[in-house]
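*Asks:* There's a structure below that I have some questions on.
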Amino acid sequence: MNEITISITLLVVLFALLAGGVWVGLTLAGVAWFGMEVLTGRPAGDAMAMTIWGSASSWTLTALPLFVWMGEILYRTNLSENMFKGLAPWVNALPGRLLHTNVIGCTIFASVSGSSAATCATVGKMNIPEMRKRGYPDAQIIGSLGGPSTLGLLIPPSIILIVYGVAAEVSISKLFMAGVLPGILLAVLFSGWIMGWALLNPGKVPKAEDNLSFKQKIYETRHLIPVVLLIASVIASIYTGIATATEAAAVGVVGALILSASQGALTWKSFSESLLGATRLYCMIALILAGAAFMTLSMGYIGLPRQLATYVGSLNLSPEMLIIVLGIFYILIGCFLDGISTIVLTMAVVLPIIKAAGIDPLWFGIFLVITVETAQITPPVGFNLFVLQSMTGKEITYIAKVCAPYFFLMVFALVLLWFFPGFVTWLPAKML
Amino acid sequence: MRTFLNGLYTTSGWLAGLSMVGVLVMVLLTIVSRLFSFSAPGTDAYAGYAMAGAGFMALASTLKKGEHIRVTLVLGMLKGGPRKGLELLALSIAVLLSGFLAFYSARLVWESYQFNDISTGIDATPMWIPQLVMAVGTLIFFIAFVDEWVLELLNKGRSTDAGEISLEELTHE
Amino acid sequence: QTKWDLASAYPAFNFHTENLVEFSKDVAAGTNNELQITVHPGASLFKAPEIKRATQGGQAQAGEFFLVSFQNEWPSFGADGLPFLASSYEDAYKLYQAQKPMLQKKLDEQGLVLLYSVAWPPQGIYTKKPIESVADLKGMKWRVYSPTTARIGELIGAQPVTIQEAELSQALATGVVEGLITSSATGADNKLYENLSHYYNVQAWIPKNAVVANKRAFSRLDAATQEAVMKAAAEAEERGWKRSQEVNAKSIATMKDAGMKIEEPSAQLKADLAKVGETVVTEWVGIAGADGQALIEAYKASK
Ligand code: NA
Ligand code: NA
């Protein structure tokens, strides 16, 4: 069977299972099983169990459940309310007002967490109820969370940059440096979009709560102290070497517990609710991750991403065309596979092509991670879409639709990076 | 039977929560052991096993609370007989796939025991021991799907309208 | 026509992987494309700790794994990870020959066929400050990642720090780790010179990868194909050992160019480390039993 027939068959199975209402994690496992057992005739069961165990017990992932738990604890404190009180006087002047707290919250949290699902779950858990309470439209709340939370992947620390660095032989510290400015660029683009939308739809943004003098604004900012302290202590634990980027999540949980206790919000009830709530939210993500791990394995056996990448390589394109084709390739493949899988499955083929075309692997790493960011919000398989579905109860099609502007902003950022590669290369050259 | 099943889901859910605490404790031990220079070998591996416990043991209770994600777009457009038909079909596929997962998870444990598979880390744990949580968790997950299937067939009303939790519920849970 | 999947955890540019690709080409050529081996590098099929198990179970017909990793399972897998036992490629090859018969026997019991085994570049000590003797390592934050490295850490009085490979760069940058033992190739690949200043070429040990095939899959091949596979394997082994030495020289040169101080150990350091090595080897023989005793004796006799 050729690649096109295989791709189409797998897509049909995927869409049929998803549309039929089969749970997403099981759907991915089903497609993976179909691909491996039916299309390539390899027995899939034992390989599946081994792979799922490996991914579910992998130490590198432990930051995810812990950050999810941190979010659940904070959600049961008045931290989010305080964050809004502290930020509101400042963002109220901007068109779109509190919607910017999503972008700011995600950008800050991204510098603590290496995963986009954890960023989305933690910030969403705090912000969604607060913004709904204040009458912001769902479409804007969800979109301005789905897009910016993908920054978790680009702003250091980042699991995916580590995976790329190892696979591509690029210094991880340089990659981390390289991610900072493009991350800020994206955040600015996201905020700019919100402002543009708000200017065109002035009636849809709730009124500012009150107009404060500059002095009062400063005074209101005191509400930010707890959240700033918490985030600062997590970041400090990483950069002073007390904890690694993965372990920092545990510092976050302890910090959240202390904060909760200091507000008198820490009771057995709130503790056990946060614990069980976090476990279930993590479990939801873990089932999808398990399905995705099996899918990666199946794709590895079928060799589909690799064959497609080989095909792209055989076209002998100019650097510009190569980047355009690879960008489209990774964005398309990102609709169905998660980012780490695509990198692992294609790196062996794509890197030599990139190097031969004279493209800087450091620059390409950042380019790649932004395409992986888009994968988080493109249907049918996008982790942030699933997290947002679980938190808001909206259909995935709706969530994908409201996230779409942010997808295009990321594509726009890719174009900017091509014309201004300095965004990527300036900081690493300066610092190291 | 009902009481037993509900007890099973609740208990496994609590075990998952306990595993989550285990992840925290293990990671904290790693940090603290470094700070105060005592040796806590293998904590990274144990954190991983505990995380597997949190994920797998919570599968059934997460399903029963309707928190596993699915696309209900088509289901939402249907009513009456067709809806029940599609719901039963989706549940049947889920029963099959979760059964497949449970069976091969059990086989993984058995083969790890047979192969004498030992962790390659400092912890040197025989792998079949932590892998038991995967076998048990996926088995309970399978049972929960069979349970849902039967409830749907008998029109008994499923415990939740899966995948459709409102924010209100989330706030008041 | 038969198709095999070969799982490897190392990235495509690694010399072990490059050797695997050449091996698979040789096999295809030697069997008139009767046996096609697809190499899956970079843990794209299975992760490093899963590969041996996956080959045993037949999920992949062949795989490459790091022998020392599996010493929890059978101590003699870890013979080439014993510190200061074999400190040159020549000795490492002799140790391999001494280990080989029992290695083949053990792998056979586990349903595996040993195709070939190639050494990594030797392990050296990386630090932030100059060291003259083991006393200078006392209290240093020392990366441990295996039972042997943990035991060495204890014996030299360093402060053991468990850090996974993925976080090594950051741990070095933030001072979580101040010293470690790893190969020259890992040092150059992971750019350890960005954060550490000294490399002591102590050649602590010269560990190996093993490339194995599933026994059932192998026995299903006809005799001519089996022979062609073994011939290509023997060539890959010879090529690999040579390549390893080239990589060692190249890696050390890379680190030197990047400003790292490449030093030979002082006599004191050598003597101190030899003592540590003796303790670890004695303890290991205690665990490895008769097999281990026989292995060490065979090796010493061959020297
Ligand atoms: Na991040
Ligand atoms: Na996607």
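Numbering starts fresh at 1 for the residues of each chain in the structure tokens, the chains themselves are lettered A, B, ... in the order given, and ligands are numbered from 1 as they appear.
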Determine, for each residue of chain C having at least one atom at most 9 Å from an atom of chain A, the closest pair of atoms and their separation in Å to one decimal, counting only C-alpha atoms; order by chain and ascending number, as CSV.
*Replies:*
```
residue,atom,partner,partner_atom,distance
C:Asp5,CA,A:Tyr301,CA,7.8
C:Tyr10,CA,A:Ala167,CA,8.4
C:Pro11,CA,A:Ala167,CA,5.6
C:Ala12,CA,A:Ala348,CA,5.3
C:Phe13,CA,A:Ala348,CA,8.0
C:His40,CA,A:Gly300,CA,7.6
C:Pro41,CA,A:Ala348,CA,7.3
C:Gly42,CA,A:Val344,CA,6.6
C:Ala43,CA,A:Val344,CA,7.4
C:Ser44,CA,A:Val344,CA,5.5
C:Leu45,CA,A:Leu297,CA,5.4
C:Phe46,CA,A:Thr51,CA,7.0
C:Lys47,CA,A:Gly54,CA,7.7
C:Pro49,CA,A:Gly54,CA,8.8
C:Glu50,CA,A:Met50,CA,7.5
C:Arg53,CA,A:Met50,CA,8.9
C:Ala54,CA,A:Ala47,CA,7.2
C:Gly57,CA,A:Asp46,CA,8.0
C:Gly58,CA,A:Ala47,CA,9.0
C:Gln59,CA,A:Ala47,CA,5.8
C:Ala60,CA,A:Ala47,CA,8.8
C:Ile163,CA,A:Thr244,CA,8.4
C:Gln164,CA,A:Thr60,CA,8.5
C:Ala166,CA,A:Ile162,CA,6.5
C:Glu167,CA,A:Thr244,CA,7.1
C:Ser169,CA,A:Ile172,CA,6.7
C:Gln170,CA,A:Ser173,CA,6.8
C:Ala171,CA,A:Thr244,CA,6.6
C:Leu172,CA,A:Gly241,CA,8.8
C:Ala173,CA,A:Ser173,CA,8.2
C:Thr174,CA,A:Gly241,CA,4.8
C:Gly175,CA,A:Gly241,CA,5.9
C:Val176,CA,A:Gly241,CA,5.1
C:Val177,CA,A:Gly241,CA,8.8
C:Asp189,CA,A:Glu169,CA,6.4
C:Asn190,CA,A:Ser171,CA,6.9
C:Lys191,CA,A:Ser171,CA,6.6
C:Glu194,CA,A:Leu432,CA,8.4
```
*Asks:* Once you count only C-alpha atoms and all ligand atoms, which residues end up within 6 Å of ligand 1, and could you hand them over as a compact mmCIF listing (two decimals) with N, CA and C atoms, in the first residue's frame?
*Replies:*
```txt
# COMPACT_ATOMS: atom_id res chain seq x y z
N ALA A 110 4.53 30.39 31.59
CA ALA A 110 5.37 29.67 30.62
C ALA A 110 6.83 29.69 31.04
N SER A 111 7.22 30.72 31.80
CA SER A 111 8.62 30.76 32.23
C SER A 111 8.86 29.87 33.43
N VAL A 112 7.81 29.22 33.91
CA VAL A 112 7.94 28.28 35.02
C VAL A 112 7.77 26.86 34.51
N SER A 113 6.84 26.67 33.58
CA SER A 113 6.47 25.34 33.15
C SER A 113 6.96 25.05 31.74
N GLY A 114 7.31 23.81 31.49
CA GLY A 114 7.83 23.44 30.19
C GLY A 114 6.79 22.85 29.27
N GLY A 152 4.12 28.05 26.66
CA GLY A 152 4.81 27.13 27.57
C GLY A 152 5.92 26.36 26.87
N LEU A 153 5.74 26.12 25.55
CA LEU A 153 6.72 25.33 24.80
C LEU A 153 7.92 26.16 24.36
N LEU A 154 7.71 27.45 24.16
CA LEU A 154 8.75 28.28 23.53
C LEU A 154 9.59 29.01 24.57
N ILE A 155 8.91 29.55 25.60
CA ILE A 155 9.63 30.29 26.62
C ILE A 155 10.28 29.27 27.57
N PRO A 156 11.57 29.42 27.86
CA PRO A 156 12.22 28.41 28.70
C PRO A 156 11.67 28.42 30.13
N PRO A 157 11.69 27.30 30.82
CA PRO A 157 12.15 25.98 30.38
C PRO A 157 11.16 25.31 29.44
N SER A 158 11.63 24.41 28.63
CA SER A 158 10.77 23.79 27.64
C SER A 158 11.21 22.36 27.36
```
*Asks:* Please report the interatomic distance between CA of Trp23 (chain A) and CA of Met391 (chain A) in Å with one decimal.
*Replies:*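 A separation of 16.1 Å between them.
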*Asks:* Pick out the residues no farther than 9 Å from ligand 2, counting only C-alpha atoms and all ligand atoms, and list them as a PyMOL selection string.
*Replies:* chain A and resi 331-339+372-385
*Asks:* Can you work out which one of C:Val229, C:Val280, C:Leu137, C:Leu67 has the shortest atom-to-atom distance to Lys52 (chain C), counting only C-alpha atoms?
*Replies:*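 Comparing C:Val229, C:Val280, C:Leu137, C:Leu67 against Lys52 (chain C), the winner is C:Leu67.
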*Asks:* CA of Leu18 (chain A) and CA of Thr279 (chain A) are how many Å apart?
*Replies:*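 Interatomic distance, CA of Leu18 (chain A) to CA of Thr279 (chain A): 24.3 Å.
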*Asks:* What are the residues of chain B that have an atom within 8 Å of an atom of chain A, counting only C-alpha atoms, as a VMD selection string?
*Replies:* chain B and resid 13 to 14 16 to 17 20 23 to 24 27 to 28 31 35 44 to 45 47 to 52 54 to 56 58 to 59 61 to 62 67 to 75 86 to 87 89 to 91 93 to 94 97 to 98 100 to 101 104 to 105 107 to 108 131 134 163 to 167 170
*Asks:* Please determine the contact residues of chain C with respect to chain B at a cut-off of 7 Å, counting only C-alpha atoms, and supply them as a short mmCIF file (atom, residue, chain, number, x, y, z; two decimals) with N, CA, C and O atoms, in the first residue's frame.
*Replies:*
```
data_model
loop_
_atom_site.label_atom_id
_atom_site.label_comp_id
_atom_site.auth_asym_id
_atom_site.auth_seq_id
_atom_site.Cartn_x
_atom_site.Cartn_y
_atom_site.Cartn_z
N PRO C 49 15.67 2.32 27.71
CA PRO C 49 15.51 1.18 28.62
C PRO C 49 14.57 0.09 28.09
O PRO C 49 14.54 -1.01 28.61
N SER C 69 23.76 -0.64 31.30
CA SER C 69 22.43 -0.31 31.82
C SER C 69 21.73 -1.53 32.41
O SER C 69 20.86 -1.39 33.26
N PHE C 70 22.09 -2.71 31.93
CA PHE C 70 21.32 -3.88 32.32
C PHE C 70 22.00 -4.72 33.39
O PHE C 70 21.68 -5.88 33.59
N ASN C 72 21.68 -4.48 36.53
CA ASN C 72 20.76 -4.85 37.62
C ASN C 72 20.19 -6.25 37.36
O ASN C 72 19.88 -6.99 38.27
N GLU C 73 20.05 -6.57 36.08
CA GLU C 73 19.44 -7.82 35.66
C GLU C 73 20.44 -8.97 35.78
O GLU C 73 20.10 -10.06 36.21
N SER C 146 23.85 5.79 37.57
CA SER C 146 23.83 4.33 37.52
C SER C 146 24.36 3.81 38.85
O SER C 146 24.99 4.57 39.59
N PRO C 147 24.11 2.54 39.17
CA PRO C 147 24.63 2.02 40.44
C PRO C 147 26.14 2.23 40.59
O PRO C 147 26.61 2.62 41.66
N GLN C 159 29.23 14.52 46.80
CA GLN C 159 27.81 14.60 47.14
C GLN C 159 27.01 14.16 45.92
O GLN C 159 27.00 14.84 44.90
N PRO C 160 26.36 12.97 46.02
CA PRO C 160 25.70 12.43 44.83
C PRO C 160 24.48 13.25 44.41
O PRO C 160 23.68 13.65 45.25
N VAL C 161 24.35 13.53 43.13
CA VAL C 161 23.22 14.28 42.61
C VAL C 161 22.64 13.49 41.45
O VAL C 161 23.33 13.20 40.48
#
```
*Asks:* With a distance cut-off of 8 Å and only C-alpha atoms, select the neighbouring residues of region 418-426 of chain A, excluding the residue or stretch itself and same-chain residues fewer than 5 positions from it, and output the selection as a count of residues only.
*Replies:* 7
*Asks:* Pick out the closest residue to Ser24 (chain C) from this set: C:Gly63, C:Gly289, C:Gly139, C:Gly157. Count only C-alpha atoms.
*Replies:*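 When distances to Ser24 (chain C) are compared using only C-alpha atoms, the smallest one comes from C:Gly63.
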*Asks:* If we count only C-alpha atoms, what is near Val350 (chain A) at a cut-off of 12 Å, once residues fewer than 4 positions away on the same chain are taken out, given as a PyMOL selection string?
*Replies:* (chain A and resi 164+167-168+305-314+322-323+325-327+329-330+342-346+354-357+359+361+364-365+368) or (chain C and resi 12)
*Asks:* Quick one: everything within 9 Å of region 258-271 of chain C, counting only C-alpha atoms, minus sequence neighbours fewer than 5 positions away in the same chain. Send it as a short mmCIF file (atom, residue, chain, number, x, y, z; two decimals) with C-alpha atoms, in the first residue's frame.
*Replies:*
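around.cif written:
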```cif
data_model
loop_
_atom_site.label_atom_id
_atom_site.label_comp_id
_atom_site.auth_asym_id
_atom_site.auth_seq_id
_atom_site.Cartn_x
_atom_site.Cartn_y
_atom_site.Cartn_z
CA ILE C 131 41.90 18.31 40.77
CA GLU C 132 45.16 16.80 41.93
CA SER C 133 43.85 13.91 43.99
CA VAL C 134 40.58 12.30 45.00
CA ALA C 135 40.56 14.53 48.09
CA LYS C 191 28.80 20.84 25.04
CA TYR C 193 32.68 22.84 27.98
CA GLU C 194 30.05 25.58 28.19
CA LEU C 196 32.87 22.94 33.00
CA SER C 197 36.53 23.81 32.57
CA HIS C 198 38.59 20.64 33.09
CA TYR C 199 38.58 17.24 31.46
CA TYR C 200 40.76 14.55 33.04
CA ASN C 201 41.46 11.83 30.56
CA VAL C 202 41.47 9.04 33.18
CA ILE C 252 38.78 15.73 22.76
CA ALA C 253 39.94 18.09 20.01
CA VAL C 276 38.44 3.20 44.26
#
```
*Asks:* Could you check the closest approach to Ser270 (chain A) for each of A:Leu74, A:Leu417, A:Leu388, A:Leu189 and tell me which residue wins, using only C-alpha atoms?
*Replies:*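 For Ser270 (chain A), the nearest of the given residues is A:Leu74.
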*Asks:* For region 402-406 of chain A, work out the shell of residues within 8 Å, counting only C-alpha atoms and skipping chain neighbours fewer than 2 positions away, then give it as a list of chain:residue names.
*Replies:*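 In the requested form, the answer reads A:Ala139, A:Gln140, A:Ile142, A:Gly143, A:Ser144, A:Gly146, A:Gly147, A:Pro148, A:Phe190, A:Ile377, A:Thr378, A:Tyr398, A:Ile399, A:Ala400, A:Phe408, A:Leu409, A:Met410.
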*Asks:* Can you write just those residues out, N, CA and C atoms, as a short mmCIF file (atom, residue, chain, number, x, y, z; two decimals), in the first residue's frame?
*Replies:*
```cif
data_model
loop_
_atom_site.label_atom_id
_atom_site.label_comp_id
_atom_site.auth_asym_id
_atom_site.auth_seq_id
_atom_site.Cartn_x
_atom_site.Cartn_y
_atom_site.Cartn_z
N ALA A 139 -15.96 33.22 23.76
CA ALA A 139 -15.09 33.02 22.61
C ALA A 139 -13.74 33.69 22.85
N GLN A 140 -13.76 34.90 23.41
CA GLN A 140 -12.51 35.62 23.63
C GLN A 140 -11.72 35.05 24.80
N ILE A 142 -11.69 31.93 25.83
CA ILE A 142 -11.10 30.64 25.47
C ILE A 142 -9.97 30.83 24.45
N GLY A 143 -10.21 31.69 23.46
CA GLY A 143 -9.18 31.91 22.45
C GLY A 143 -7.92 32.50 23.05
N SER A 144 -8.10 33.51 23.93
CA SER A 144 -6.92 34.19 24.47
C SER A 144 -6.22 33.33 25.52
N GLY A 146 -6.18 29.64 24.85
CA GLY A 146 -5.68 28.55 24.02
C GLY A 146 -4.41 28.93 23.28
N GLY A 147 -4.40 30.09 22.66
CA GLY A 147 -3.24 30.53 21.89
C GLY A 147 -2.04 30.80 22.79
N PRO A 148 -2.15 31.76 23.70
CA PRO A 148 -1.00 32.12 24.53
C PRO A 148 -0.47 30.98 25.41
N PHE A 190 -0.18 38.52 20.31
CA PHE A 190 -1.46 38.06 20.88
C PHE A 190 -2.20 39.25 21.51
N ILE A 377 -3.32 23.69 19.08
CA ILE A 377 -4.67 24.24 18.94
C ILE A 377 -5.32 23.93 17.60
N THR A 378 -4.70 23.01 16.81
CA THR A 378 -5.35 22.65 15.56
C THR A 378 -6.12 21.34 15.73
N TYR A 398 -15.88 24.28 18.35
CA TYR A 398 -16.05 25.66 18.79
C TYR A 398 -14.71 26.21 19.30
N ILE A 399 -14.04 25.41 20.12
CA ILE A 399 -12.77 25.87 20.71
C ILE A 399 -11.74 26.10 19.61
N ALA A 400 -11.68 25.17 18.65
CA ALA A 400 -10.72 25.33 17.56
C ALA A 400 -11.02 26.61 16.79
N PHE A 408 -3.24 31.84 13.25
CA PHE A 408 -2.72 32.67 12.17
C PHE A 408 -1.64 33.63 12.67
N LEU A 409 -1.79 34.09 13.92
CA LEU A 409 -0.75 34.96 14.48
C LEU A 409 0.58 34.21 14.58
N MET A 410 0.50 32.93 14.93
CA MET A 410 1.74 32.15 15.03
C MET A 410 2.36 31.97 13.65
#
```
*Asks:* What gap, in Å, lies between CA of Ala198 (chain A) and CA of Ser149 (chain A)?
*Replies:* 20.2 Å
*Asks:* According to DSSP computed on the backbone, where in region 129-283 of chain C is there strand (DSSP E)? Give the residues as an mmCIF file with C-alpha atoms, in the first residue's frame.
*Replies:*
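Result file is states.cif:
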```cif
data_model
loop_
_atom_site.group_PDB
_atom_site.id
_atom_site.type_symbol
_atom_site.label_atom_id
_atom_site.label_comp_id
_atom_site.auth_asym_id
_atom_site.auth_seq_id
_atom_site.Cartn_x
_atom_site.Cartn_y
_atom_site.Cartn_z
ATOM 1 C CA LYS C 141 28.182 17.882 43.657
ATOM 2 C CA TRP C 142 28.658 14.775 41.584
ATOM 3 C CA ARG C 143 26.275 13.513 38.943
ATOM 4 C CA VAL C 144 25.234 9.893 39.398
ATOM 5 C CA GLN C 159 27.813 14.603 47.136
ATOM 6 C CA PRO C 160 25.701 12.433 44.826
ATOM 7 C CA VAL C 161 23.216 14.284 42.608
ATOM 8 C CA THR C 162 20.719 12.413 40.484
ATOM 9 C CA GLY C 179 31.498 17.240 38.352
ATOM 10 C CA LEU C 180 30.777 13.989 36.611
ATOM 11 C CA ILE C 181 32.258 11.026 34.802
ATOM 12 C CA THR C 182 31.161 10.548 31.227
ATOM 13 C CA SER C 183 32.661 9.816 27.837
ATOM 14 C CA HIS C 198 38.588 20.644 33.088
ATOM 15 C CA TYR C 199 38.582 17.239 31.463
ATOM 16 C CA TYR C 200 40.757 14.554 33.039
ATOM 17 C CA LYS C 208 29.966 -0.950 25.035
ATOM 18 C CA ASN C 209 26.732 -1.066 23.125
ATOM 19 C CA ALA C 210 25.442 -4.433 21.986
ATOM 20 C CA VAL C 211 23.498 -4.961 18.788
ATOM 21 C CA VAL C 212 21.267 -8.000 19.111
ATOM 22 C CA ALA C 213 18.633 -9.837 17.124
ATOM 23 C CA ASN C 214 15.600 -11.702 18.321
ATOM 24 C CA LYS C 261 41.620 22.153 29.671
ATOM 25 C CA ILE C 262 42.387 18.592 28.636
ATOM 26 C CA GLU C 263 44.637 17.010 31.213
#
```
